[in-house]
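Structure file final-v8.txt (compact mmCIF, C-alpha atoms) is printed below.
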```txt
# COMPACT_ATOMS: atom_id res chain seq x y z
CA MET A 1 3.82 -16.20 21.95
CA SER A 2 3.62 -12.56 23.04
CA LEU A 3 3.31 -9.76 20.52
CA GLU A 4 6.55 -8.34 21.94
CA ASN A 5 8.36 -11.34 20.42
CA ILE A 6 7.00 -10.86 16.91
CA GLN A 7 10.28 -9.20 15.91
CA ASP A 8 12.08 -12.48 16.59
CA LEU A 9 9.44 -14.31 14.56
CA VAL A 10 10.05 -12.03 11.58
CA GLN A 11 13.82 -12.47 11.90
CA ASN A 12 13.56 -16.25 11.97
CA ASN A 13 11.48 -16.25 8.78
CA ARG A 14 14.08 -14.19 6.84
CA ASN A 15 11.47 -11.48 6.62
CA LEU A 16 13.79 -8.61 7.49
CA LEU A 17 15.98 -6.88 4.95
CA PRO A 18 19.47 -7.08 6.48
CA ASP A 19 20.87 -4.03 8.22
CA ASP A 20 24.45 -4.59 7.01
CA VAL A 21 23.78 -3.56 3.39
CA ASP A 22 24.74 -0.02 2.35
CA PHE A 23 21.54 0.59 0.40
CA ALA A 24 22.53 4.16 -0.57
CA ARG A 25 25.72 2.89 -2.17
CA TYR A 26 23.81 0.02 -3.77
CA PHE A 27 21.49 2.59 -5.39
CA GLN A 28 24.42 4.67 -6.66
CA GLN A 29 26.06 1.60 -8.19
CA SER A 30 22.88 0.37 -9.86
CA LYS A 31 22.61 1.30 -13.51
CA HIS A 32 19.27 2.00 -15.09
CA SER A 33 18.48 0.41 -18.42
CA THR A 34 17.58 3.66 -20.15
CA ILE A 35 19.51 3.18 -23.37
CA ILE A 36 18.77 3.57 -27.07
CA VAL A 37 18.03 0.29 -28.81
CA GLN A 38 16.69 -0.71 -32.18
CA GLY A 39 12.92 -1.09 -32.31
CA SER A 40 13.17 -4.79 -33.14
CA HIS A 41 14.70 -5.31 -29.68
CA PHE A 42 11.12 -5.31 -28.34
CA ILE A 43 9.56 -7.56 -30.98
CA GLU A 44 9.00 -10.65 -28.83
CA GLU A 45 7.48 -8.71 -25.93
CA THR A 46 5.36 -6.72 -28.38
CA LYS A 47 4.05 -9.94 -29.97
CA GLN A 48 3.09 -11.24 -26.54
CA ARG A 49 1.27 -8.03 -25.70
CA ILE A 50 -0.68 -8.13 -28.97
CA ALA A 51 -1.58 -11.79 -28.43
CA ASN A 52 -2.76 -11.01 -24.89
CA SER A 53 -4.37 -7.67 -25.68
CA HIS A 54 -7.82 -8.91 -24.61
CA ALA A 55 -6.58 -10.72 -21.51
CA ARG A 56 -6.87 -9.06 -18.12
CA ILE A 57 -3.36 -9.30 -16.74
CA GLY A 58 -2.32 -7.80 -13.43
CA ALA A 59 -2.74 -8.02 -9.68
CA THR A 60 -6.04 -6.98 -8.10
CA LEU A 61 -7.10 -5.41 -4.81
CA PRO A 62 -8.94 -7.49 -2.17
CA PHE A 63 -12.19 -5.63 -2.94
CA GLN A 64 -14.42 -7.37 -5.48
CA LYS A 65 -15.96 -4.11 -6.71
CA THR A 66 -12.57 -2.87 -7.94
CA HIS A 67 -11.56 -5.92 -9.97
CA ASP A 68 -12.88 -4.69 -13.33
CA ASP A 69 -11.21 -1.29 -12.98
CA LEU A 70 -7.87 -1.70 -11.21
CA LEU A 71 -5.04 -3.94 -12.41
CA PHE A 72 -1.49 -3.60 -11.12
CA ASN A 73 1.55 -4.40 -13.21
CA SER A 74 4.92 -2.64 -13.01
CA GLY A 75 4.54 1.04 -12.14
CA VAL A 76 4.09 3.50 -9.28
CA SER A 77 1.01 4.29 -7.19
CA VAL A 78 0.57 7.09 -4.68
CA TRP A 79 -1.80 6.47 -1.77
CA ALA A 80 -2.71 9.79 -0.18
CA GLY A 81 -4.91 10.69 2.74
CA ILE A 82 -5.38 12.76 5.85
CA ASN A 83 -3.53 11.52 8.95
CA GLY A 84 -5.54 8.84 10.71
CA HIS A 85 -7.77 7.97 7.75
CA GLY A 86 -6.36 4.47 7.23
CA LYS A 87 -4.13 4.60 4.16
CA SER A 88 -1.37 2.47 5.73
CA THR A 89 -3.88 0.04 7.23
CA MET A 90 -5.57 -0.37 3.85
CA LEU A 91 -2.23 -1.03 2.17
CA PHE A 92 -1.40 -3.75 4.71
CA GLN A 93 -4.66 -5.51 3.82
CA ILE A 94 -3.87 -5.05 0.12
CA CYS A 95 -0.47 -6.66 0.71
CA ILE A 96 -2.13 -9.80 2.10
CA GLY A 97 -4.34 -9.88 -0.99
CA LEU A 98 -1.24 -9.62 -3.19
CA GLN A 99 0.41 -12.46 -1.26
CA LYS A 100 -2.65 -14.63 -1.97
CA GLN A 101 -2.01 -13.97 -5.67
CA GLY A 102 1.57 -15.22 -5.30
CA HIS A 103 3.34 -11.88 -5.02
CA THR A 104 6.20 -11.10 -2.66
CA VAL A 105 5.70 -7.76 -0.92
CA CYS A 106 8.09 -5.62 1.06
CA ILE A 107 6.83 -2.99 3.50
CA ALA A 108 9.16 -0.12 4.37
CA SER A 109 7.67 2.09 7.06
CA VAL A 110 9.79 4.81 8.63
CA GLU A 111 7.12 5.37 11.28
CA MET A 112 5.91 1.89 12.30
CA GLU A 113 8.14 -0.86 13.64
CA GLY A 114 8.01 -4.39 12.25
CA PRO A 115 6.05 -5.91 15.16
CA GLU A 116 3.32 -3.28 14.86
CA ILE A 117 3.02 -3.89 11.11
CA LEU A 118 2.80 -7.64 11.65
CA LYS A 119 0.27 -7.19 14.47
CA THR A 120 -2.09 -5.29 12.14
CA MET A 121 -1.64 -7.78 9.33
CA THR A 122 -2.21 -10.69 11.72
CA ASN A 123 -5.64 -9.30 12.66
CA GLN A 124 -6.48 -8.71 9.00
CA ALA A 125 -5.36 -12.20 8.00
CA ALA A 126 -7.44 -13.73 10.79
CA GLY A 127 -10.51 -11.59 10.09
CA CYS A 128 -10.85 -10.76 13.79
CA LYS A 129 -8.88 -9.59 16.79
CA ALA A 130 -6.39 -12.45 16.62
CA SER A 131 -4.59 -14.28 19.40
CA PRO A 132 -0.81 -13.79 19.72
CA ASP A 133 -0.23 -17.35 18.48
CA PHE A 134 -1.96 -16.55 15.20
CA ALA A 135 0.93 -14.18 14.38
CA GLU A 136 3.03 -17.29 13.82
CA THR A 137 0.29 -18.88 11.69
CA TYR A 138 0.18 -15.84 9.43
CA ALA A 139 3.98 -15.41 9.28
CA ASN A 140 4.45 -19.06 8.35
CA TRP A 141 1.72 -18.82 5.69
CA ALA A 142 3.29 -15.70 4.18
CA GLY A 143 6.84 -17.04 4.45
CA GLU A 144 9.17 -15.14 2.15
CA ARG A 145 6.21 -13.40 0.49
CA LEU A 146 6.38 -10.86 3.35
CA GLN A 147 9.53 -8.78 3.65
CA ILE A 148 9.98 -5.86 6.04
CA TYR A 149 12.50 -3.05 5.71
CA ASN A 150 12.99 -2.39 9.39
CA ALA A 151 14.20 1.21 9.20
CA SER A 152 12.03 3.27 11.52
CA GLY A 153 13.40 6.78 11.99
CA GLU A 154 15.54 8.85 9.65
CA THR A 155 16.14 7.24 6.26
CA SER A 156 17.53 8.93 3.17
CA GLN A 157 16.01 8.76 -0.28
CA GLU A 158 19.09 6.90 -1.53
CA ASP A 159 18.74 4.35 1.29
CA MET A 160 15.13 3.68 0.37
CA LEU A 161 15.73 3.57 -3.39
CA GLY A 162 18.64 1.20 -2.88
CA ALA A 163 16.49 -1.00 -0.64
CA ILE A 164 13.83 -1.24 -3.35
CA ILE A 165 16.38 -2.33 -5.95
CA TRP A 166 18.05 -4.77 -3.52
CA ALA A 167 14.70 -6.30 -2.52
CA ALA A 168 13.76 -6.81 -6.17
CA ASP A 169 17.17 -8.32 -7.00
CA ASN A 170 17.66 -10.48 -3.91
CA ARG A 171 14.19 -11.27 -2.50
CA ASN A 172 12.07 -11.42 -5.68
CA VAL A 173 9.88 -8.58 -4.37
CA THR A 174 7.22 -7.56 -6.90
CA HIS A 175 5.34 -4.99 -4.75
CA PHE A 176 7.16 -2.53 -2.49
CA VAL A 177 5.37 -0.21 -0.05
CA VAL A 178 7.07 3.07 0.94
CA ASP A 179 5.43 4.59 4.02
CA ASN A 180 5.75 7.54 3.72
CA LEU A 181 7.05 10.10 1.22
CA MET A 182 7.09 13.03 3.67
CA MET A 183 9.69 11.30 5.84
CA LEU A 184 12.06 11.01 2.87
CA THR A 185 11.96 14.55 1.51
CA ASP A 186 13.36 17.96 2.42
CA GLY A 187 10.57 19.48 4.47
CA ASP A 188 6.85 19.30 3.83
CA ILE A 189 6.09 22.54 1.97
CA GLY A 190 7.81 24.85 -0.47
CA GLU A 191 9.68 24.44 -3.73
CA ARG A 192 12.56 22.49 -2.18
CA ALA A 193 10.19 19.92 -0.71
CA MET A 194 8.26 19.61 -3.97
CA ASN A 195 11.44 19.09 -6.00
CA SER A 196 12.61 16.48 -3.50
CA GLN A 197 9.30 14.62 -3.77
CA LYS A 198 9.37 14.76 -7.56
CA TYR A 199 12.92 13.42 -7.63
CA PHE A 200 12.03 10.44 -5.44
CA VAL A 201 8.90 9.55 -7.41
CA SER A 202 10.79 9.90 -10.71
CA ARG A 203 13.50 7.51 -9.51
CA CYS A 204 10.79 5.08 -8.39
CA LYS A 205 9.39 5.21 -11.91
CA ASP A 206 12.82 4.25 -13.29
CA ILE A 207 13.20 1.39 -10.83
CA ALA A 208 9.66 0.08 -11.39
CA ARG A 209 10.28 -0.04 -15.12
CA ASP A 210 13.74 -1.61 -14.87
CA LYS A 211 12.86 -4.21 -12.22
CA LYS A 212 9.29 -4.94 -13.38
CA ILE A 213 7.82 -4.20 -9.94
CA HIS A 214 5.07 -1.99 -8.54
CA ILE A 215 5.96 0.63 -5.93
CA HIS A 216 3.21 1.92 -3.63
CA ILE A 217 4.02 5.28 -2.01
CA VAL A 218 2.07 6.58 0.99
CA HIS A 219 1.71 10.37 0.89
CA HIS A 220 -0.01 13.14 2.86
CA MET A 221 -2.55 15.77 1.97
CA ARG A 222 -2.16 19.51 2.31
CA LYS A 223 -3.52 20.92 5.55
CA ILE A 224 -7.31 20.62 5.36
CA GLU A 225 -9.39 22.73 7.73
CA ASP A 226 -12.36 20.36 7.75
CA GLU A 227 -11.54 16.64 7.53
CA ARG A 228 -15.23 15.92 6.94
CA LYS A 229 -14.72 17.25 3.39
CA VAL A 230 -13.72 14.53 0.95
CA PRO A 231 -10.36 15.61 -0.54
CA SER A 232 -9.30 15.46 -4.20
CA LYS A 233 -6.00 15.16 -6.03
CA MET A 234 -5.62 18.93 -5.81
CA ASP A 235 -5.31 18.50 -2.02
CA VAL A 236 -2.39 16.06 -2.35
CA MET A 237 1.02 17.42 -1.38
CA GLY A 238 2.76 18.23 -4.65
CA GLY A 239 -0.61 18.29 -6.45
CA ILE A 240 -0.47 17.94 -10.22
CA SER A 241 3.33 17.54 -10.29
CA ILE A 242 3.00 14.27 -8.36
CA SER A 243 -0.14 12.96 -10.07
CA ASN A 244 1.40 13.54 -13.52
CA LEU A 245 4.28 11.21 -12.67
CA VAL A 246 2.45 8.19 -11.26
CA ASP A 247 0.38 5.43 -12.82
CA TYR A 248 -2.26 5.43 -10.07
CA LEU A 249 -3.30 8.11 -7.60
CA PHE A 250 -5.53 6.96 -4.75
CA ILE A 251 -7.06 8.90 -1.89
CA VAL A 252 -8.22 7.09 1.27
CA TRP A 253 -10.84 8.93 3.32
CA LYS A 254 -12.71 7.79 6.43
CA ASN A 255 -16.18 9.03 7.31
CA LYS A 256 -15.28 10.20 10.82
CA ASP A 257 -18.84 11.38 11.55
CA ARG A 258 -20.15 7.88 10.92
CA ALA A 259 -17.30 6.30 12.89
CA ARG A 260 -18.07 8.44 15.94
CA HIS A 261 -21.78 7.73 15.60
CA MET A 262 -21.29 3.96 15.32
CA ALA A 263 -18.82 3.94 18.24
CA VAL A 264 -21.70 4.78 20.60
CA PRO A 265 -23.27 1.58 21.98
CA GLU A 266 -26.52 0.87 20.11
CA ARG A 267 -28.70 1.16 23.18
CA PHE A 268 -27.45 4.72 23.74
CA ARG A 269 -27.23 5.74 20.08
CA THR A 270 -29.69 8.17 18.53
CA SER A 271 -31.01 6.65 15.33
CA ASN A 272 -29.65 8.25 12.15
CA PRO A 273 -30.53 5.93 9.23
CA GLU A 274 -28.97 8.19 6.58
CA LEU A 275 -25.60 8.32 8.32
CA GLU A 276 -25.69 4.64 9.24
CA GLN A 277 -26.20 3.61 5.60
CA MET A 278 -23.25 5.68 4.37
CA PRO A 279 -19.92 3.97 3.60
CA GLY A 280 -17.45 4.11 6.46
CA ALA A 281 -14.64 4.99 4.08
CA TYR A 282 -13.94 5.85 0.47
CA LEU A 283 -11.20 4.64 -1.84
CA ILE A 284 -10.97 7.32 -4.51
CA CYS A 285 -9.10 6.52 -7.72
CA ASP A 286 -8.13 9.92 -9.15
CA LYS A 287 -5.60 8.66 -11.73
CA ASN A 288 -5.59 5.34 -13.55
CA ARG A 289 -3.11 4.83 -16.35
CA SER A 290 -3.93 1.11 -16.63
CA THR A 291 -7.62 1.03 -17.58
CA GLY A 292 -8.49 4.73 -17.45
CA VAL A 293 -11.36 4.17 -15.02
CA GLU A 294 -11.44 6.80 -12.27
CA ARG A 295 -14.05 6.02 -9.66
CA THR A 296 -14.93 6.28 -5.97
CA TYR A 297 -15.50 3.03 -4.08
CA GLY A 298 -17.45 2.91 -0.85
CA LEU A 299 -15.94 0.69 1.84
CA TRP A 300 -16.79 -0.19 5.44
CA PHE A 301 -14.17 -0.57 8.20
CA ASP A 302 -14.24 -3.26 10.87
CA THR A 303 -12.33 -2.19 13.98
CA ASP A 304 -11.50 -5.63 15.42
CA SER A 305 -10.11 -7.17 12.23
CA GLN A 306 -8.90 -3.83 10.80
CA GLN A 307 -10.26 -4.97 7.46
CA PHE A 308 -11.90 -2.70 4.93
CA LEU A 309 -15.02 -4.40 3.51
CA ASP A 310 -16.69 -3.70 0.17
CA GLY A 311 -20.31 -3.97 1.34
CA ILE A 312 -22.36 -2.76 4.30
CA LYS A 313 -23.64 -6.30 4.92
CA LYS A 314 -20.22 -7.92 4.53
CA ARG A 315 -18.55 -9.34 7.59
CA PRO A 316 -14.81 -9.81 8.06
CA THR A 317 -13.54 -13.26 7.17
CA PRO A 318 -10.09 -14.88 7.30
CA MET A 319 -7.92 -13.82 4.37
CA ILE A 320 -5.64 -16.87 4.43
CA GLU A 321 -6.13 -20.60 4.08
CA ASN A 322 -5.92 -23.17 6.87
CA THR A 323 -7.12 -20.74 9.51
CA PRO A 324 -7.65 -22.41 12.93
CA GLU A 325 -11.16 -22.28 14.32
CA ASN A 326 -9.92 -20.83 17.60
CA LEU A 327 -8.01 -17.65 16.80
```
Taking this structure as input, can you express it in the form of structure tokens?
Amino acid sequence: MSLENIQDLVQNNRNLLPDDVDFARYFQQSKHSTIIVQGSHFIEETKQRIANSHARIGATLPFQKTHDDLLFNSGVSVWAGINGHGKSTMLFQICIGLQKQGHTVCIASVEMEGPEILKTMTNQAAGCKASPDFAETYANWAGERLQIYNASGETSQEDMLGAIIWAADNRNVTHFVVDNLMMLTDGDIGERAMNSQKYFVSRCKDIARDKKIHIHIVHHMRKIEDERKVPSKMDVMGGISISNLVDYLFIVWKNKDRARHMAVPERFRTSNPELEQMPGAYLICDKNRSTGVERTYGLWFDTDSQQFLDGIKKRPTPMIENTPENL
């Protein structure tokens, strides 16, 4: 199987959201459940929450060091970063981890086509630079737990919001990735752009609450003169207005100096122990409404598998079961 035929593979596995649904109209027709009810309406759910108050309930990331701090239930997360620092790639790996926990994920990228998404996830699932045939192994393993909104190019906010609702209603999607916010808003700077971004994130909050899903939104940083400087939430487009709305705010940052250094073959590389021991990337949690823990996690990136690893001595391994020995 060639990678050019991965689109057909996705289609055959019912992994594409259909293109004959008017998602914008579906969004307009959907009614949110924001109504006034008597307090006793919530008594059974409240009793369950009290009974489970000491239990750790929620999905985790595929990085062991984050498990005590980060738990994902219904809500909205923003994943921000400088272009080329790996935020989309990290989210693809996270999606495989969510699938392993039984979740159905939908990825909606307005920049990457379905075959390119599946190619990246195939490598991550294999833990190496996988063969074309392994794409089928991964797709069959994921089955309906992987959905792709194949809408590269111009997409309206109403289209995307309707797609999220439709995917939750019709495909049992519990985690939806929107990649990225800048492609769905009016411009990238100024008051109009900020209001457009706030509107979209606010509607995502409504949908996440009503449909009991988690929505992951990829977002950009303001223009940064020196990408070697680790950014903060103040560098995120929309700044405080965005971070105030969401449940999680993450920043993904790659150590480009280390990446360039390590890209030089070892026999030609000048030794730099300090740089070589540094993490290759950082996952920065700058807002955490779930547990309140805000922390920076060092990660290391493996180019062949496109996996982020949570230790300098860790090596990429297959993320799915029943992996053939010859990938």
For Trp141 (chain A), please output as a PyMOL selection string all residues within 10 Å (counting only C-alpha atoms; exclusion window: fewer than 5 positions along the same chain). chain A and resi 99-100+125+135-136+146+320-323
Counting all atoms listed in the file, what is within 12 Å of Arg203 (chain A), bar same-chain residues fewer than 4 positions away, as a PDB file with C-alpha atoms, in the frame of the given file?
```pdb
ATOM      1  CA  PHE A  27      21.490   2.590  -5.390  1.00  0.00           C
ATOM      2  CA  GLN A  28      24.420   4.670  -6.660  1.00  0.00           C
ATOM      3  CA  SER A  30      22.880   0.370  -9.860  1.00  0.00           C
ATOM      4  CA  LYS A  31      22.610   1.300 -13.510  1.00  0.00           C
ATOM      5  CA  HIS A  32      19.270   2.000 -15.090  1.00  0.00           C
ATOM      6  CA  GLY A  75       4.540   1.040 -12.140  1.00  0.00           C
ATOM      7  CA  VAL A  76       4.090   3.500  -9.280  1.00  0.00           C
ATOM      8  CA  GLN A 157      16.010   8.760  -0.280  1.00  0.00           C
ATOM      9  CA  GLU A 158      19.090   6.900  -1.530  1.00  0.00           C
ATOM     10  CA  MET A 160      15.130   3.680   0.370  1.00  0.00           C
ATOM     11  CA  LEU A 161      15.730   3.570  -3.390  1.00  0.00           C
ATOM     12  CA  GLY A 162      18.640   1.200  -2.880  1.00  0.00           C
ATOM     13  CA  ILE A 164      13.830  -1.240  -3.350  1.00  0.00           C
ATOM     14  CA  ILE A 165      16.380  -2.330  -5.950  1.00  0.00           C
ATOM     15  CA  SER A 196      12.610  16.480  -3.500  1.00  0.00           C
ATOM     16  CA  GLN A 197       9.300  14.620  -3.770  1.00  0.00           C
ATOM     17  CA  LYS A 198       9.370  14.760  -7.560  1.00  0.00           C
ATOM     18  CA  TYR A 199      12.920  13.420  -7.630  1.00  0.00           C
ATOM     19  CA  ILE A 207      13.200   1.390 -10.830  1.00  0.00           C
ATOM     20  CA  ALA A 208       9.660   0.080 -11.390  1.00  0.00           C
ATOM     21  CA  ARG A 209      10.280  -0.040 -15.120  1.00  0.00           C
ATOM     22  CA  ASP A 210      13.740  -1.610 -14.870  1.00  0.00           C
ATOM     23  CA  ILE A 215       5.960   0.630  -5.930  1.00  0.00           C
ATOM     24  CA  LEU A 245       4.280  11.210 -12.670  1.00  0.00           C
ATOM     25  CA  VAL A 246       2.450   8.190 -11.260  1.00  0.00           C
TER      26      VAL A 246
END
```
Computed interatomic separation between CA of Gly311 (chain A) and CA of Asp69 (chain A) (Å):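 Separation between CA of Gly311 (chain A) and CA of Asp69 (chain A): 17.2 Å.
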Report as AutoDock Vina command-line options the centre and the edge lengths, in Å to one decimal, of the axis-aligned box holding every listed atom of region 258-270 of chain A, padded by 6 Å on each side.
```
--center_x -23.5 --center_y 4.7 --center_z 17.3 --size_x 24.4 --size_y 19.6 --size_z 24.8
```
Who sits within 12 Å of Lys314 (chain A), all atoms listed in the file, same chain under 3 positions skipped, as a compact mmCIF listing (two decimals) with C-alpha atoms, keeping the file's coordinate frame:
```txt
# COMPACT_ATOMS: atom_id res chain seq x y z
CA PHE A 63 -12.19 -5.63 -2.94
CA GLN A 64 -14.42 -7.37 -5.48
CA GLY A 127 -10.51 -11.59 10.09
CA PRO A 279 -19.92 3.97 3.60
CA LEU A 299 -15.94 0.69 1.84
CA TRP A 300 -16.79 -0.19 5.44
CA PHE A 301 -14.17 -0.57 8.20
CA ASP A 302 -14.24 -3.26 10.87
CA GLN A 307 -10.26 -4.97 7.46
CA PHE A 308 -11.90 -2.70 4.93
CA LEU A 309 -15.02 -4.40 3.51
CA ASP A 310 -16.69 -3.70 0.17
CA GLY A 311 -20.31 -3.97 1.34
CA THR A 317 -13.54 -13.26 7.17
```
So which one's closest to Glu276 (chain A), A:Ile96, A:Leu17, A:Ala263, A:Ala167? Using all atoms listed in the file, please.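 When distances to Glu276 (chain A) are compared using all atoms listed in the file, the smallest one comes from A:Ala263.
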Counting all atoms listed in the file, the option among A:Lys233, A:Lys47, A:Arg295, A:Arg228 closest to Asp257 (chain A):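 Answer, going by the shortest atom-to-atom distance: A:Arg228.
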For each of A:Leu16, A:Met182, A:Ile82, A:Ala130, take the minimum atom-to-atom distance to Val230 (chain A), counting all atoms listed in the file, then give the residue where this is smallest.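 Smallest distance to Val230 (chain A) is found for A:Ile82.
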Please return, as a list in words, all polymer residues that have at least one atom within 7 Å of the point (-3.6, -8.4, -14.3); use all atoms listed in the file and the file's own coordinate frame.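 Those residues, ordered by chain and then number, are Arg56, Ile57, Gly58, Ala59, Thr60, Leu71, Phe72 and Asn73 of chain A.
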Measuring atom to atom with only C-alpha atoms, identify which of A:Cys204, A:Lys229, A:Asp235, A:Ala142 is nearest to Gly97 (chain A).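 Using only C-alpha atoms, the shortest distance to Gly97 (chain A) belongs to A:Ala142.
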What is the CA of Arg258 (chain A)-CA of Glu111 (chain A) distance in Å, reported with one decimal?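 Those two atoms sit 27.4 Å apart.
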In Å to one decimal, how far is CA of His175 (chain A) from CA of Ile213 (chain A)?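 Computed distance, CA of Ile213 (chain A) to CA of His175 (chain A), equals 5.8 Å.
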If we count all atoms listed in the file and set the cut-off at 8 Å, which residues sit around His103 (chain A), ignoring sequence neighbours fewer than 6 positions away in its own chain? Please answer as JSON, numbers by chain. {"A": [145, 173, 174, 175]}
Of the candidates A:Pro62, A:Asp133, A:Val21, A:Ser88, which one gets nearest to Thr120 (chain A) if we count only C-alpha atoms?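 For Thr120 (chain A), the nearest of the given residues is A:Ser88.
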Here is a test: counting all atoms listed in the file, which residue of A:Asn170, A:Gln124, A:Thr104, A:Asn195 is nearest to Gln147 (chain A)? A:Thr104
Please identify all polymer residues within 9 Å of Thr296 (chain A), counting only C-alpha atoms, omitting same-chain residues fewer than 4 positions from it, and present them as an NGL selection string. :A and (282-286)
Complete the atom set of region 206-213 of chain A to all heavy atoms and return it as a tab-separated table (two decimals), in the coordinates of the input.
```tsv
chain	number	residue	atom	x	y	z
A	206	ASP	N	11.72	4.93	-12.61
A	206	ASP	CA	12.82	4.25	-13.29
A	206	ASP	C	12.98	2.83	-12.76
A	206	ASP	O	13.12	1.87	-13.53
A	206	ASP	CB	14.13	5.01	-13.07
A	206	ASP	CG	14.14	6.39	-13.72
A	206	ASP	OD1	13.37	6.59	-14.68
A	206	ASP	OD2	14.91	7.25	-13.26
A	207	ILE	N	12.98	2.70	-11.44
A	207	ILE	CA	13.20	1.39	-10.83
A	207	ILE	C	12.06	0.43	-11.16
A	207	ILE	O	12.28	-0.74	-11.47
A	207	ILE	CB	13.36	1.54	-9.30
A	207	ILE	CG1	14.63	2.33	-8.97
A	207	ILE	CG2	13.40	0.16	-8.62
A	207	ILE	CD1	14.72	2.77	-7.52
A	208	ALA	N	10.82	0.93	-11.08
A	208	ALA	CA	9.66	0.08	-11.39
A	208	ALA	C	9.73	-0.46	-12.81
A	208	ALA	O	9.44	-1.63	-13.07
A	208	ALA	CB	8.37	0.86	-11.17
A	209	ARG	N	10.15	0.40	-13.72
A	209	ARG	CA	10.28	-0.04	-15.12
A	209	ARG	C	11.41	-1.05	-15.28
A	209	ARG	O	11.25	-2.09	-15.92
A	209	ARG	CB	10.55	1.18	-16.01
A	209	ARG	CG	10.70	0.83	-17.50
A	209	ARG	CD	11.25	2.00	-18.30
A	209	ARG	NE	12.60	2.34	-17.85
A	209	ARG	CZ	12.94	3.52	-17.36
A	209	ARG	NH1	12.04	4.48	-17.24
A	209	ARG	NH2	14.19	3.76	-16.99
A	210	ASP	N	12.58	-0.75	-14.69
A	210	ASP	CA	13.74	-1.61	-14.87
A	210	ASP	C	13.58	-2.96	-14.20
A	210	ASP	O	14.01	-3.99	-14.73
A	210	ASP	CB	15.00	-0.93	-14.31
A	210	ASP	CG	15.38	0.34	-15.07
A	210	ASP	OD1	14.82	0.55	-16.17
A	210	ASP	OD2	16.23	1.10	-14.58
A	211	LYS	N	12.96	-2.98	-13.01
A	211	LYS	CA	12.86	-4.21	-12.22
A	211	LYS	C	11.51	-4.91	-12.37
A	211	LYS	O	11.30	-5.97	-11.76
A	211	LYS	CB	13.11	-3.90	-10.74
A	211	LYS	CG	14.48	-3.28	-10.46
A	211	LYS	CD	15.61	-4.20	-10.90
A	211	LYS	CE	16.97	-3.58	-10.66
A	211	LYS	NZ	18.08	-4.46	-11.14
A	212	LYS	N	10.62	-4.33	-13.16
A	212	LYS	CA	9.29	-4.94	-13.38
A	212	LYS	C	8.55	-5.15	-12.06
A	212	LYS	O	8.02	-6.24	-11.78
A	212	LYS	CB	9.41	-6.27	-14.12
A	212	LYS	CG	10.15	-6.20	-15.43
A	212	LYS	CD	9.41	-5.38	-16.45
A	212	LYS	CE	10.08	-5.51	-17.83
A	212	LYS	NZ	10.15	-4.26	-18.55
A	213	ILE	N	8.53	-4.12	-11.21
A	213	ILE	CA	7.82	-4.20	-9.94
A	213	ILE	C	6.85	-3.04	-9.83
A	213	ILE	O	6.87	-2.10	-10.64
A	213	ILE	CB	8.79	-4.19	-8.74
A	213	ILE	CG1	9.49	-2.82	-8.63
A	213	ILE	CG2	9.80	-5.30	-8.85
A	213	ILE	CD1	10.31	-2.69	-7.36
```
